[in-house]
>>> print(open('work35.csv').read())   # CSV, N, CA and C atoms
chain,number,residue,atom,x,y,z
S,1,MET,N,15.5,-0.2,-15.6
S,1,MET,CA,14.1,0.2,-15.4
S,1,MET,C,13.2,-1.0,-15.7
S,2,THR,N,13.6,-2.0,-16.5
S,2,THR,CA,12.8,-3.1,-16.8
S,2,THR,C,12.5,-3.9,-15.6
S,3,ASN,N,13.5,-4.1,-14.7
S,3,ASN,CA,13.3,-4.8,-13.4
S,3,ASN,C,12.2,-4.1,-12.6
S,4,ALA,N,12.3,-2.8,-12.6
S,4,ALA,CA,11.3,-2.0,-11.8
S,4,ALA,C,9.9,-2.3,-12.3
S,5,TYR,N,9.7,-2.3,-13.6
S,5,TYR,CA,8.3,-2.6,-14.1
S,5,TYR,C,7.9,-4.1,-13.8
S,6,LEU,N,8.9,-5.0,-13.9
S,6,LEU,CA,8.6,-6.4,-13.6
S,6,LEU,C,8.2,-6.5,-12.1
S,7,LEU,N,8.9,-5.9,-11.3
S,7,LEU,CA,8.6,-6.0,-9.8
S,7,LEU,C,7.3,-5.3,-9.5
S,8,ALA,N,7.0,-4.1,-10.2
S,8,ALA,CA,5.7,-3.5,-10.0
S,8,ALA,C,4.6,-4.4,-10.5
S,9,GLY,N,4.8,-5.1,-11.6
S,9,GLY,CA,3.8,-6.0,-12.0
S,9,GLY,C,3.5,-7.1,-11.1
S,10,ILE,N,4.6,-7.6,-10.4
S,10,ILE,CA,4.4,-8.7,-9.4
S,10,ILE,C,3.7,-8.1,-8.2
S,11,ALA,N,4.0,-6.9,-7.8
S,11,ALA,CA,3.3,-6.3,-6.7
S,11,ALA,C,1.8,-6.1,-7.0
S,12,MET,N,1.5,-5.7,-8.3
S,12,MET,CA,0.2,-5.5,-8.7
S,12,MET,C,-0.6,-6.8,-8.6
S,13,LEU,N,0.0,-7.9,-9.0
S,13,LEU,CA,-0.6,-9.2,-9.0
S,13,LEU,C,-0.9,-9.6,-7.6
S,14,PHE,N,0.0,-9.5,-6.7
S,14,PHE,CA,-0.2,-9.8,-5.3
S,14,PHE,C,-1.3,-8.9,-4.6
S,15,TRP,N,-1.1,-7.6,-4.9
S,15,TRP,CA,-2.1,-6.6,-4.3
S,15,TRP,C,-3.5,-6.8,-4.9
S,16,GLY,N,-3.5,-7.4,-6.1
S,16,GLY,CA,-4.8,-7.7,-6.7
S,16,GLY,C,-5.5,-8.9,-6.2
S,17,ILE,N,-4.7,-9.8,-5.7
S,17,ILE,CA,-5.3,-11.1,-5.2
S,17,ILE,C,-5.6,-10.9,-3.7
S,18,ALA,N,-4.8,-10.1,-3.0
S,18,ALA,CA,-4.9,-10.0,-1.5
S,18,ALA,C,-6.3,-9.6,-1.0
S,19,PRO,N,-7.0,-8.7,-1.7
S,19,PRO,CA,-8.3,-8.3,-1.2
S,19,PRO,C,-9.4,-9.4,-1.1
S,20,ILE,N,-9.2,-10.4,-1.9
S,20,ILE,CA,-10.1,-11.5,-1.9
S,20,ILE,C,-10.0,-12.2,-0.5
S,21,PHE,N,-8.7,-12.5,-0.1
S,21,PHE,CA,-8.5,-13.1,1.2
S,21,PHE,C,-9.0,-12.2,2.4
S,22,GLY,N,-8.7,-10.9,2.2
S,22,GLY,CA,-9.1,-9.9,3.3
S,22,GLY,C,-10.6,-9.9,3.4
S,23,LYS,N,-11.3,-9.9,2.3
S,23,LYS,CA,-12.8,-9.8,2.3
S,23,LYS,C,-13.3,-11.1,3.0
S,24,LEU,N,-12.8,-12.2,2.6
S,24,LEU,CA,-13.2,-13.5,3.2
S,24,LEU,C,-13.0,-13.5,4.7
S,25,ALA,N,-11.9,-13.0,5.2
S,25,ALA,CA,-11.6,-13.0,6.6
S,25,ALA,C,-12.4,-12.0,7.4
S,26,LEU,N,-12.7,-10.9,6.8
S,26,LEU,CA,-13.4,-9.8,7.5
S,26,LEU,C,-14.9,-10.1,7.7
S,27,GLY,N,-15.4,-11.2,7.2
S,27,GLY,CA,-16.8,-11.5,7.5
S,27,GLY,C,-16.9,-11.9,9.0
S,28,ASN,N,-15.9,-12.4,9.6
S,28,ASN,CA,-16.0,-12.9,11.0
S,28,ASN,C,-15.0,-12.2,11.9
S,29,VAL,N,-14.2,-11.3,11.4
S,29,VAL,CA,-13.1,-10.7,12.2
S,29,VAL,C,-13.2,-9.2,12.1
S,30,SER,N,-13.0,-8.5,13.2
S,30,SER,CA,-13.1,-7.0,13.1
S,30,SER,C,-11.9,-6.5,12.3
S,31,PRO,N,-12.0,-5.3,11.6
S,31,PRO,CA,-10.9,-4.8,10.9
S,31,PRO,C,-9.6,-4.6,11.8
S,32,LEU,N,-9.8,-4.1,13.0
S,32,LEU,CA,-8.7,-3.9,13.9
S,32,LEU,C,-8.0,-5.2,14.3
S,33,ALA,N,-8.8,-6.3,14.5
S,33,ALA,CA,-8.2,-7.6,14.8
S,33,ALA,C,-7.5,-8.1,13.6
S,34,ALA,N,-8.1,-7.9,12.4
S,34,ALA,CA,-7.4,-8.4,11.2
S,34,ALA,C,-6.1,-7.7,11.0
S,35,LEU,N,-6.1,-6.4,11.2
S,35,LEU,CA,-4.8,-5.7,11.1
S,35,LEU,C,-3.8,-6.1,12.0
S,36,ALA,N,-4.2,-6.4,13.3
S,36,ALA,CA,-3.2,-7.0,14.3
S,36,ALA,C,-2.7,-8.3,13.8
S,37,ILE,N,-3.5,-9.2,13.3
S,37,ILE,CA,-3.1,-10.5,12.9
S,37,ILE,C,-2.1,-10.3,11.7
S,38,ARG,N,-2.5,-9.5,10.7
S,38,ARG,CA,-1.7,-9.2,9.5
S,38,ARG,C,-0.3,-8.7,10.0
S,39,SER,N,-0.3,-7.8,10.9
S,39,SER,CA,1.0,-7.2,11.3
S,39,SER,C,1.9,-8.2,12.1
S,40,LEU,N,1.3,-9.1,12.9
S,40,LEU,CA,2.0,-10.1,13.5
S,40,LEU,C,2.6,-11.1,12.5
S,41,VAL,N,1.8,-11.5,11.6
S,41,VAL,CA,2.3,-12.4,10.5
S,41,VAL,C,3.5,-11.8,9.8
S,42,VAL,N,3.3,-10.6,9.3
S,42,VAL,CA,4.3,-9.9,8.6
S,42,VAL,C,5.6,-9.7,9.4
S,43,SER,N,5.4,-9.4,10.7
S,43,SER,CA,6.6,-9.2,11.6
S,43,SER,C,7.4,-10.5,11.7
S,44,ALA,N,6.7,-11.6,11.9
S,44,ALA,CA,7.3,-12.9,12.1
S,44,ALA,C,8.1,-13.2,10.8
S,45,LEU,N,7.4,-13.1,9.7
S,45,LEU,CA,8.1,-13.4,8.4
S,45,LEU,C,9.3,-12.5,8.1
S,46,LEU,N,9.2,-11.2,8.5
S,46,LEU,CA,10.3,-10.3,8.2
S,46,LEU,C,11.5,-10.7,9.2
S,47,VAL,N,11.2,-11.0,10.4
S,47,VAL,CA,12.3,-11.4,11.3
S,47,VAL,C,13.0,-12.6,10.8
S,48,ALA,N,12.2,-13.6,10.3
S,48,ALA,CA,12.8,-14.8,9.7
S,48,ALA,C,13.7,-14.4,8.5
S,49,ALA,N,13.1,-13.6,7.6
S,49,ALA,CA,13.8,-13.3,6.4
S,49,ALA,C,15.1,-12.5,6.6
S,50,VAL,N,15.0,-11.5,7.5
S,50,VAL,CA,16.2,-10.7,7.8
S,50,VAL,C,17.3,-11.5,8.5
S,51,THR,N,16.8,-12.4,9.4
S,51,THR,CA,17.8,-13.3,10.0
S,51,THR,C,18.4,-14.3,9.0
S,52,ALA,N,17.6,-14.9,8.1
S,52,ALA,CA,18.1,-15.8,7.2
S,52,ALA,C,19.1,-15.2,6.1
S,53,THR,N,18.8,-13.9,5.8
S,53,THR,CA,19.7,-13.3,4.8
S,53,THR,C,20.8,-12.4,5.4
S,54,GLY,N,20.8,-12.4,6.8
S,54,GLY,CA,21.9,-11.7,7.4
S,54,GLY,C,21.9,-10.2,7.3
S,55,HIS,N,20.7,-9.6,7.2
S,55,HIS,CA,20.5,-8.1,7.0
S,55,HIS,C,20.3,-7.3,8.3
S,56,TRP,N,20.6,-7.9,9.5
S,56,TRP,CA,20.4,-7.2,10.7
S,56,TRP,C,21.3,-6.0,10.8
S,57,GLY,N,22.5,-6.1,10.2
S,57,GLY,CA,23.4,-5.0,10.2
S,57,GLY,C,22.8,-3.8,9.5
S,58,SER,N,22.1,-4.0,8.4
S,58,SER,CA,21.5,-2.9,7.7
S,58,SER,C,20.3,-2.3,8.5
S,59,VAL,N,19.6,-3.1,9.2
S,59,VAL,CA,18.6,-2.6,10.1
S,59,VAL,C,19.2,-1.8,11.2
S,60,ALA,N,20.2,-2.3,11.8
S,60,ALA,CA,20.8,-1.5,12.9
S,60,ALA,C,21.6,-0.3,12.4
S,61,GLY,N,22.0,-0.3,11.1
S,61,GLY,CA,22.7,0.8,10.6
S,61,GLY,C,21.9,2.0,10.1
S,62,ALA,N,20.5,1.8,10.1
S,62,ALA,CA,19.7,2.9,9.6
S,62,ALA,C,19.8,4.1,10.5
S,63,THR,N,19.9,5.3,10.0
S,63,THR,CA,20.0,6.5,10.7
S,63,THR,C,18.7,6.8,11.5
S,64,ALA,N,18.8,7.7,12.4
S,64,ALA,CA,17.6,8.1,13.2
S,64,ALA,C,16.6,8.8,12.2
S,65,LYS,N,17.1,9.6,11.3
S,65,LYS,CA,16.3,10.3,10.3
S,65,LYS,C,15.6,9.3,9.4
S,66,ASP,N,16.3,8.3,8.9
S,66,ASP,CA,15.7,7.3,8.0
S,66,ASP,C,14.7,6.5,8.8
S,67,THR,N,15.0,6.1,10.0
S,67,THR,CA,14.0,5.4,10.9
S,67,THR,C,12.8,6.2,11.1
S,68,MET,N,12.9,7.5,11.3
S,68,MET,CA,11.7,8.3,11.5
S,68,MET,C,10.9,8.4,10.3
S,69,PHE,N,11.5,8.5,9.1
S,69,PHE,CA,10.7,8.5,7.9
S,69,PHE,C,10.0,7.2,7.6
S,70,ILE,N,10.7,6.1,7.9
S,70,ILE,CA,10.1,4.8,7.8
S,70,ILE,C,8.9,4.6,8.7
S,71,ALA,N,9.1,5.1,10.0
S,71,ALA,CA,8.0,5.0,11.0
S,71,ALA,C,6.8,5.8,10.5
S,72,LEU,N,7.0,7.0,10.0
S,72,LEU,CA,5.9,7.8,9.5
S,72,LEU,C,5.2,7.1,8.3
S,73,GLU,N,6.0,6.4,7.4
S,73,GLU,CA,5.4,5.7,6.3
S,73,GLU,C,4.6,4.5,6.9
S,74,VAL,N,5.1,3.9,7.9
S,74,VAL,CA,4.3,2.7,8.5
S,74,VAL,C,3.0,3.2,9.1
S,75,ILE,N,3.1,4.3,9.8
S,75,ILE,CA,1.9,4.9,10.4
S,75,ILE,C,0.8,5.2,9.4
S,76,CYS,N,1.3,5.9,8.3
S,76,CYS,CA,0.4,6.3,7.2
S,76,CYS,C,-0.2,5.1,6.5
S,77,ALA,N,0.7,4.2,6.0
S,77,ALA,CA,0.3,3.1,5.1
S,77,ALA,C,-0.1,1.9,5.8
S,78,ALA,N,0.7,1.3,6.7
S,78,ALA,CA,0.5,0.0,7.3
S,78,ALA,C,-0.5,0.1,8.5
S,79,LEU,N,-0.7,1.2,9.1
S,79,LEU,CA,-1.6,1.3,10.2
S,79,LEU,C,-2.9,2.1,9.8
S,80,LEU,N,-2.8,3.3,9.5
S,80,LEU,CA,-4.0,4.1,9.3
S,80,LEU,C,-4.6,3.8,7.9
S,81,GLY,N,-3.8,3.7,6.9
S,81,GLY,CA,-4.4,3.4,5.6
S,81,GLY,C,-4.9,2.0,5.5
S,82,GLN,N,-4.2,1.0,6.0
S,82,GLN,CA,-4.6,-0.4,6.0
S,82,GLN,C,-5.9,-0.6,6.9
S,83,LEU,N,-6.0,0.1,8.0
S,83,LEU,CA,-7.1,0.0,8.8
S,83,LEU,C,-8.4,0.6,8.1
S,84,ALA,N,-8.2,1.7,7.5
S,84,ALA,CA,-9.3,2.3,6.8
S,84,ALA,C,-9.7,1.4,5.6
S,85,TYR,N,-8.7,0.8,5.0
S,85,TYR,CA,-9.0,-0.1,3.9
S,85,TYR,C,-9.8,-1.4,4.3
S,86,TYR,N,-9.4,-1.9,5.5
S,86,TYR,CA,-10.1,-3.1,6.0
S,86,TYR,C,-11.5,-2.8,6.3
S,87,TYR,N,-11.8,-1.6,6.9
S,87,TYR,CA,-13.1,-1.2,7.2
S,87,TYR,C,-13.9,-1.0,5.9
S,88,ALA,N,-13.3,-0.4,4.9
S,88,ALA,CA,-14.0,-0.2,3.6
S,88,ALA,C,-14.3,-1.6,3.0
S,89,LEU,N,-13.3,-2.5,3.1
S,89,LEU,CA,-13.5,-3.8,2.5
S,89,LEU,C,-14.5,-4.6,3.2
S,90,LYS,N,-14.6,-4.5,4.5
S,90,LYS,CA,-15.6,-5.2,5.3
S,90,LYS,C,-17.0,-4.8,4.9
S,91,PHE,N,-17.2,-3.5,4.6
S,91,PHE,CA,-18.6,-3.0,4.3
S,91,PHE,C,-18.9,-2.7,2.9
S,92,GLY,N,-17.9,-2.8,2.0
S,92,GLY,CA,-18.0,-2.5,0.6
S,92,GLY,C,-17.7,-3.7,-0.3
S,93,GLU,N,-17.9,-3.5,-1.6
S,93,GLU,CA,-17.5,-4.5,-2.6
S,93,GLU,C,-16.1,-4.4,-2.9
S,94,VAL,N,-15.4,-5.6,-3.1
S,94,VAL,CA,-14.0,-5.6,-3.4
S,94,VAL,C,-13.8,-4.9,-4.7
S,95,GLY,N,-14.7,-5.1,-5.7
S,95,GLY,CA,-14.5,-4.4,-7.0
S,95,GLY,C,-14.7,-2.9,-7.0
S,96,ARG,N,-15.2,-2.4,-6.0
S,96,ARG,CA,-15.4,-0.9,-5.9
S,96,ARG,C,-14.3,-0.3,-4.9
S,97,VAL,N,-14.1,-1.0,-3.8
S,97,VAL,CA,-13.2,-0.5,-2.8
S,97,VAL,C,-11.7,-0.6,-3.3
S,98,SER,N,-11.3,-1.7,-3.8
S,98,SER,CA,-9.9,-1.9,-4.2
S,98,SER,C,-9.4,-0.9,-5.2
S,99,PRO,N,-10.2,-0.6,-6.3
S,99,PRO,CA,-9.8,0.4,-7.3
S,99,PRO,C,-9.7,1.8,-6.7
S,100,LEU,N,-10.6,2.1,-5.8
S,100,LEU,CA,-10.5,3.5,-5.2
S,100,LEU,C,-9.3,3.6,-4.3
S,101,VAL,N,-9.0,2.6,-3.5
S,101,VAL,CA,-7.8,2.6,-2.7
S,101,VAL,C,-6.5,2.6,-3.6
S,102,ALA,N,-6.6,1.9,-4.7
S,102,ALA,CA,-5.5,1.8,-5.6
S,102,ALA,C,-5.2,3.0,-6.4
S,103,ALA,N,-6.1,4.0,-6.2
S,103,ALA,CA,-5.9,5.3,-6.8
S,103,ALA,C,-4.9,6.2,-6.0
S,104,PHE,N,-4.3,5.7,-5.0
S,104,PHE,CA,-3.4,6.4,-4.2
S,104,PHE,C,-2.2,7.1,-5.0
S,105,PRO,N,-1.9,6.6,-6.2
S,105,PRO,CA,-0.9,7.4,-7.0
S,105,PRO,C,-1.2,8.8,-7.2
S,106,LEU,N,-2.5,9.1,-7.3
S,106,LEU,CA,-2.9,10.5,-7.5
S,106,LEU,C,-2.4,11.4,-6.3
S,107,VAL,N,-2.5,10.9,-5.1
S,107,VAL,CA,-2.0,11.6,-4.0
S,107,VAL,C,-0.5,11.6,-4.0
S,108,ALA,N,0.1,10.5,-4.3
S,108,ALA,CA,1.6,10.4,-4.3
S,108,ALA,C,2.2,11.3,-5.4
S,109,VAL,N,1.6,11.4,-6.6
S,109,VAL,CA,2.1,12.3,-7.6
S,109,VAL,C,2.1,13.7,-7.1
S,110,LEU,N,0.9,14.1,-6.5
S,110,LEU,CA,0.8,15.5,-6.0
S,110,LEU,C,1.8,15.7,-4.9
S,111,ALA,N,1.9,14.8,-3.9
S,111,ALA,CA,2.9,14.9,-2.8
S,111,ALA,C,4.3,15.0,-3.3
S,112,GLY,N,4.6,14.2,-4.4
S,112,GLY,CA,5.9,14.2,-4.9
S,112,GLY,C,6.3,15.6,-5.5
S,113,ILE,N,5.3,16.2,-6.2
S,113,ILE,CA,5.5,17.5,-6.8
S,113,ILE,C,5.7,18.5,-5.7
S,114,VAL,N,4.8,18.5,-4.7
S,114,VAL,CA,4.8,19.5,-3.6
S,114,VAL,C,6.0,19.4,-2.7
S,115,PHE,N,6.3,18.2,-2.2
S,115,PHE,CA,7.3,18.0,-1.2
S,115,PHE,C,8.7,17.5,-1.7
S,116,LEU,N,8.7,16.9,-2.9
S,116,LEU,CA,10.0,16.4,-3.4
S,116,LEU,C,10.5,17.2,-4.6
S,117,GLY,N,9.7,18.1,-5.1
S,117,GLY,CA,10.1,18.9,-6.2
S,117,GLY,C,10.1,18.1,-7.5
S,118,GLU,N,9.3,17.0,-7.6
S,118,GLU,CA,9.3,16.3,-8.8
S,118,GLU,C,8.5,17.1,-9.9
S,119,LYS,N,8.8,16.7,-11.1
S,119,LYS,CA,8.2,17.5,-12.3
S,119,LYS,C,6.8,16.9,-12.6
S,120,LEU,N,5.9,17.9,-13.0
S,120,LEU,CA,4.6,17.5,-13.5
S,120,LEU,C,4.8,17.4,-15.0
S,121,SER,N,4.3,16.3,-15.6
S,121,SER,CA,4.4,16.1,-17.0
S,121,SER,C,3.0,15.9,-17.6
S,122,ALA,N,3.0,16.0,-18.9
S,122,ALA,CA,1.7,15.7,-19.6
S,122,ALA,C,1.3,14.2,-19.4
S,123,ALA,N,2.2,13.3,-19.3
S,123,ALA,CA,1.9,11.9,-19.0
S,123,ALA,C,1.3,11.7,-17.7
S,124,LYS,N,1.8,12.4,-16.7
S,124,LYS,CA,1.3,12.3,-15.3
S,124,LYS,C,-0.1,12.9,-15.3
S,125,ILE,N,-0.3,14.0,-16.0
S,125,ILE,CA,-1.7,14.6,-16.0
S,125,ILE,C,-2.7,13.7,-16.7
S,126,ALA,N,-2.3,13.1,-17.8
S,126,ALA,CA,-3.1,12.2,-18.5
S,126,ALA,C,-3.5,11.0,-17.7
S,127,ALA,N,-2.5,10.4,-17.0
S,127,ALA,CA,-2.7,9.3,-16.1
S,127,ALA,C,-3.7,9.6,-15.0
S,128,ALA,N,-3.5,10.8,-14.4
S,128,ALA,CA,-4.4,11.2,-13.3
S,128,ALA,C,-5.8,11.4,-13.8
S,129,ILE,N,-6.0,11.9,-15.0
S,129,ILE,CA,-7.3,12.0,-15.6
S,129,ILE,C,-7.9,10.6,-15.8
S,130,LEU,N,-7.2,9.7,-16.3
S,130,LEU,CA,-7.6,8.3,-16.5
S,130,LEU,C,-8.0,7.6,-15.2
S,131,ILE,N,-7.2,7.8,-14.2
S,131,ILE,CA,-7.5,7.2,-12.9
S,131,ILE,C,-8.7,7.8,-12.3
S,132,GLY,N,-8.9,9.1,-12.4
S,132,GLY,CA,-10.1,9.7,-11.9
S,132,GLY,C,-11.3,9.3,-12.7
S,133,SER,N,-11.2,9.1,-14.0
S,133,SER,CA,-12.3,8.7,-14.8
S,133,SER,C,-12.7,7.2,-14.4
S,134,GLY,N,-11.7,6.4,-14.1
S,134,GLY,CA,-12.0,5.0,-13.7
S,134,GLY,C,-12.8,5.0,-12.4
S,135,ILE,N,-12.3,5.8,-11.5
S,135,ILE,CA,-13.0,5.9,-10.2
S,135,ILE,C,-14.4,6.4,-10.3
S,136,ALA,N,-14.6,7.4,-11.2
S,136,ALA,CA,-16.0,7.9,-11.4
S,136,ALA,C,-16.9,6.8,-12.0
S,137,LEU,N,-16.3,6.0,-12.9
S,137,LEU,CA,-17.1,5.0,-13.6
S,137,LEU,C,-17.5,3.9,-12.5
S,138,LEU,N,-16.7,3.6,-11.6
S,138,LEU,CA,-17.0,2.6,-10.6
S,138,LEU,C,-18.0,3.0,-9.6
S,139,LYS,N,-18.2,4.3,-9.5
S,139,LYS,CA,-19.2,4.8,-8.6
S,139,LYS,C,-20.6,4.5,-9.0
S,140,TYR,N,-20.8,4.3,-10.3
S,140,TYR,CA,-22.1,4.1,-10.9
S,140,TYR,C,-22.4,2.6,-11.2
>>> encode(input="work35.csv", output="structure tokens")
Amino acid sequence: MTNAYLLAGIAMLFWGIAPIFGKLALGNVSPLAALAIRSLVVSALLVAAVTATGHWGSVAGATAKDTMFIALEVICAALLGQLAYYYALKFGEVGRVSPLVAAFPLVAVLAGIVFLGEKLSAAKIAAAILIGSGIALLKY
């Protein structure tokens, strides 16, 4: 579990820095163009990484069901969510937009309970209240 928290911390660091670059780029680029550029760069880097590490067998071995779920995740997060985020970032302040977008765990917790049968705990309720409070504070 320690590795999971370390990796989550690394993700938090990179996701915390990334909006600065996005905001700087979105001054001159439309959100749709920015998303296209982002996706092309990510695709090229992933092709290189999968090739270098020899993981094409894993890619080819994914089942149709797994591929469908990954495709749905891509449509929700990497296309629709990222596009909405870029529009929000273009017209809003990084310090207000990013925390609101970063509150997605509220939706994920609820979806996990409803669709995956995950348990609701006092800690999850407390965390949701704190996240909601933080968003409310940023509104003012």
>>> atom_distance(input="work35.csv", atom1="CA of Leu106 in chain S", atom2="CA of Ala128 in chain S")
6.0 Å
>>> residues_near_point(input="work35.csv", point="(-5.6, 1.0, -3.7)", cutoff="12 Å", atoms="only C-alpha atoms", output="mmCIF file with N, CA and C atoms, keeping the file's coordinate frame")
data_model
loop_
_atom_site.group_PDB
_atom_site.id
_atom_site.type_symbol
_atom_site.label_atom_id
_atom_site.label_comp_id
_atom_site.auth_asym_id
_atom_site.auth_seq_id
_atom_site.Cartn_x
_atom_site.Cartn_y
_atom_site.Cartn_z
ATOM 1 N N ALA S 11 4.000 -6.900 -7.800
ATOM 2 C CA ALA S 11 3.300 -6.300 -6.700
ATOM 3 C C ALA S 11 1.800 -6.100 -7.000
ATOM 4 N N MET S 12 1.500 -5.700 -8.300
ATOM 5 C CA MET S 12 0.200 -5.500 -8.700
ATOM 6 C C MET S 12 -0.600 -6.800 -8.600
ATOM 7 N N TRP S 15 -1.100 -7.600 -4.900
ATOM 8 C CA TRP S 15 -2.100 -6.600 -4.300
ATOM 9 C C TRP S 15 -3.500 -6.800 -4.900
ATOM 10 N N GLY S 16 -3.500 -7.400 -6.100
ATOM 11 C CA GLY S 16 -4.800 -7.700 -6.700
ATOM 12 C C GLY S 16 -5.500 -8.900 -6.200
ATOM 13 N N ALA S 18 -4.800 -10.100 -3.000
ATOM 14 C CA ALA S 18 -4.900 -10.000 -1.500
ATOM 15 C C ALA S 18 -6.300 -9.600 -1.000
ATOM 16 N N PRO S 19 -7.000 -8.700 -1.700
ATOM 17 C CA PRO S 19 -8.300 -8.300 -1.200
ATOM 18 C C PRO S 19 -9.400 -9.400 -1.100
ATOM 19 N N ALA S 77 0.700 4.200 6.000
ATOM 20 C CA ALA S 77 0.300 3.100 5.100
ATOM 21 C C ALA S 77 -0.100 1.900 5.800
ATOM 22 N N GLY S 81 -3.800 3.700 6.900
ATOM 23 C CA GLY S 81 -4.400 3.400 5.600
ATOM 24 C C GLY S 81 -4.900 2.000 5.500
ATOM 25 N N GLN S 82 -4.200 1.000 6.000
ATOM 26 C CA GLN S 82 -4.600 -0.400 6.000
ATOM 27 C C GLN S 82 -5.900 -0.600 6.900
ATOM 28 N N ALA S 84 -8.200 1.700 7.500
ATOM 29 C CA ALA S 84 -9.300 2.300 6.800
ATOM 30 C C ALA S 84 -9.700 1.400 5.600
ATOM 31 N N TYR S 85 -8.700 0.800 5.000
ATOM 32 C CA TYR S 85 -9.000 -0.100 3.900
ATOM 33 C C TYR S 85 -9.800 -1.400 4.300
ATOM 34 N N TYR S 86 -9.400 -1.900 5.500
ATOM 35 C CA TYR S 86 -10.100 -3.100 6.000
ATOM 36 C C TYR S 86 -11.500 -2.800 6.300
ATOM 37 N N ALA S 88 -13.300 -0.400 4.900
ATOM 38 C CA ALA S 88 -14.000 -0.200 3.600
ATOM 39 C C ALA S 88 -14.300 -1.600 3.000
ATOM 40 N N LEU S 89 -13.300 -2.500 3.100
ATOM 41 C CA LEU S 89 -13.500 -3.800 2.500
ATOM 42 C C LEU S 89 -14.500 -4.600 3.200
ATOM 43 N N VAL S 94 -15.400 -5.600 -3.100
ATOM 44 C CA VAL S 94 -14.000 -5.600 -3.400
ATOM 45 C C VAL S 94 -13.800 -4.900 -4.700
ATOM 46 N N GLY S 95 -14.700 -5.100 -5.700
ATOM 47 C CA GLY S 95 -14.500 -4.400 -7.000
ATOM 48 C C GLY S 95 -14.700 -2.900 -7.000
ATOM 49 N N ARG S 96 -15.200 -2.400 -6.000
ATOM 50 C CA ARG S 96 -15.400 -0.900 -5.900
ATOM 51 C C ARG S 96 -14.300 -0.300 -4.900
ATOM 52 N N VAL S 97 -14.100 -1.000 -3.800
ATOM 53 C CA VAL S 97 -13.200 -0.500 -2.800
ATOM 54 C C VAL S 97 -11.700 -0.600 -3.300
ATOM 55 N N SER S 98 -11.300 -1.700 -3.800
ATOM 56 C CA SER S 98 -9.900 -1.900 -4.200
ATOM 57 C C SER S 98 -9.400 -0.900 -5.200
ATOM 58 N N PRO S 99 -10.200 -0.600 -6.300
ATOM 59 C CA PRO S 99 -9.800 0.400 -7.300
ATOM 60 C C PRO S 99 -9.700 1.800 -6.700
ATOM 61 N N LEU S 100 -10.600 2.100 -5.800
ATOM 62 C CA LEU S 100 -10.500 3.500 -5.200
ATOM 63 C C LEU S 100 -9.300 3.600 -4.300
ATOM 64 N N VAL S 101 -9.000 2.600 -3.500
ATOM 65 C CA VAL S 101 -7.800 2.600 -2.700
ATOM 66 C C VAL S 101 -6.500 2.600 -3.600
ATOM 67 N N ALA S 102 -6.600 1.900 -4.700
ATOM 68 C CA ALA S 102 -5.500 1.800 -5.600
ATOM 69 C C ALA S 102 -5.200 3.000 -6.400
ATOM 70 N N ALA S 103 -6.100 4.000 -6.200
ATOM 71 C CA ALA S 103 -5.900 5.300 -6.800
ATOM 72 C C ALA S 103 -4.900 6.200 -6.000
ATOM 73 N N PHE S 104 -4.300 5.700 -5.000
ATOM 74 C CA PHE S 104 -3.400 6.400 -4.200
ATOM 75 C C PHE S 104 -2.200 7.100 -5.000
ATOM 76 N N PRO S 105 -1.900 6.600 -6.200
ATOM 77 C CA PRO S 105 -0.900 7.400 -7.000
ATOM 78 C C PRO S 105 -1.200 8.800 -7.200
ATOM 79 N N LEU S 106 -2.500 9.100 -7.300
ATOM 80 C CA LEU S 106 -2.900 10.500 -7.500
ATOM 81 C C LEU S 106 -2.400 11.400 -6.300
ATOM 82 N N VAL S 107 -2.500 10.900 -5.100
ATOM 83 C CA VAL S 107 -2.000 11.600 -4.000
ATOM 84 C C VAL S 107 -0.500 11.600 -4.000
ATOM 85 N N ALA S 108 0.100 10.500 -4.300
ATOM 86 C CA ALA S 108 1.600 10.400 -4.300
ATOM 87 C C ALA S 108 2.200 11.300 -5.400
ATOM 88 N N ILE S 131 -7.200 7.800 -14.200
ATOM 89 C CA ILE S 131 -7.500 7.200 -12.900
ATOM 90 C C ILE S 131 -8.700 7.800 -12.300
ATOM 91 N N ILE S 135 -12.300 5.800 -11.500
ATOM 92 C CA ILE S 135 -13.000 5.900 -10.200
ATOM 93 C C ILE S 135 -14.400 6.400 -10.300
#
>>> atom_distance(input="work35.csv", atom1="CA of Gly27 in chain S", atom2="atom C of Tyr87 in chain S")
11.0 Å
>>> residues_around(input="work35.csv", residues="Leu32 in chain S", least_positions_apart="3", cutoff="8 Å", atoms="only N, CA and C atoms", output="list in words")
Val29, Leu35, Ala36, Ile37, Arg38, Leu83, Tyr86 and Tyr87 of chain S
>>> write_last_selection(input="work35.csv", atoms="N, CA and C atoms", output="compact mmCIF listing (two decimals), in the coordinates of the input")
# COMPACT_ATOMS: atom_id res chain seq x y z
N VAL S 29 -14.20 -11.30 11.40
CA VAL S 29 -13.10 -10.70 12.20
C VAL S 29 -13.20 -9.20 12.10
N LEU S 35 -6.10 -6.40 11.20
CA LEU S 35 -4.80 -5.70 11.10
C LEU S 35 -3.80 -6.10 12.00
N ALA S 36 -4.20 -6.40 13.30
CA ALA S 36 -3.20 -7.00 14.30
C ALA S 36 -2.70 -8.30 13.80
N ILE S 37 -3.50 -9.20 13.30
CA ILE S 37 -3.10 -10.50 12.90
C ILE S 37 -2.10 -10.30 11.70
N ARG S 38 -2.50 -9.50 10.70
CA ARG S 38 -1.70 -9.20 9.50
C ARG S 38 -0.30 -8.70 10.00
N LEU S 83 -6.00 0.10 8.00
CA LEU S 83 -7.10 0.00 8.80
C LEU S 83 -8.40 0.60 8.10
N TYR S 86 -9.40 -1.90 5.50
CA TYR S 86 -10.10 -3.10 6.00
C TYR S 86 -11.50 -2.80 6.30
N TYR S 87 -11.80 -1.60 6.90
CA TYR S 87 -13.10 -1.20 7.20
C TYR S 87 -13.90 -1.00 5.90
>>> atom_distance(input="work35.csv", atom1="atom C of Lys23 in chain S", atom2="atom C of Gly92 in chain S")
9.2 Å
>>> select_by_dssp(input="work35.csv", residues="range 50-117 of chain S", states="alpha helix (DSSP H)", output="PyMOL selection string")
chain S and resi 50-53+56-60+64-73+82-91+94-101+104-116
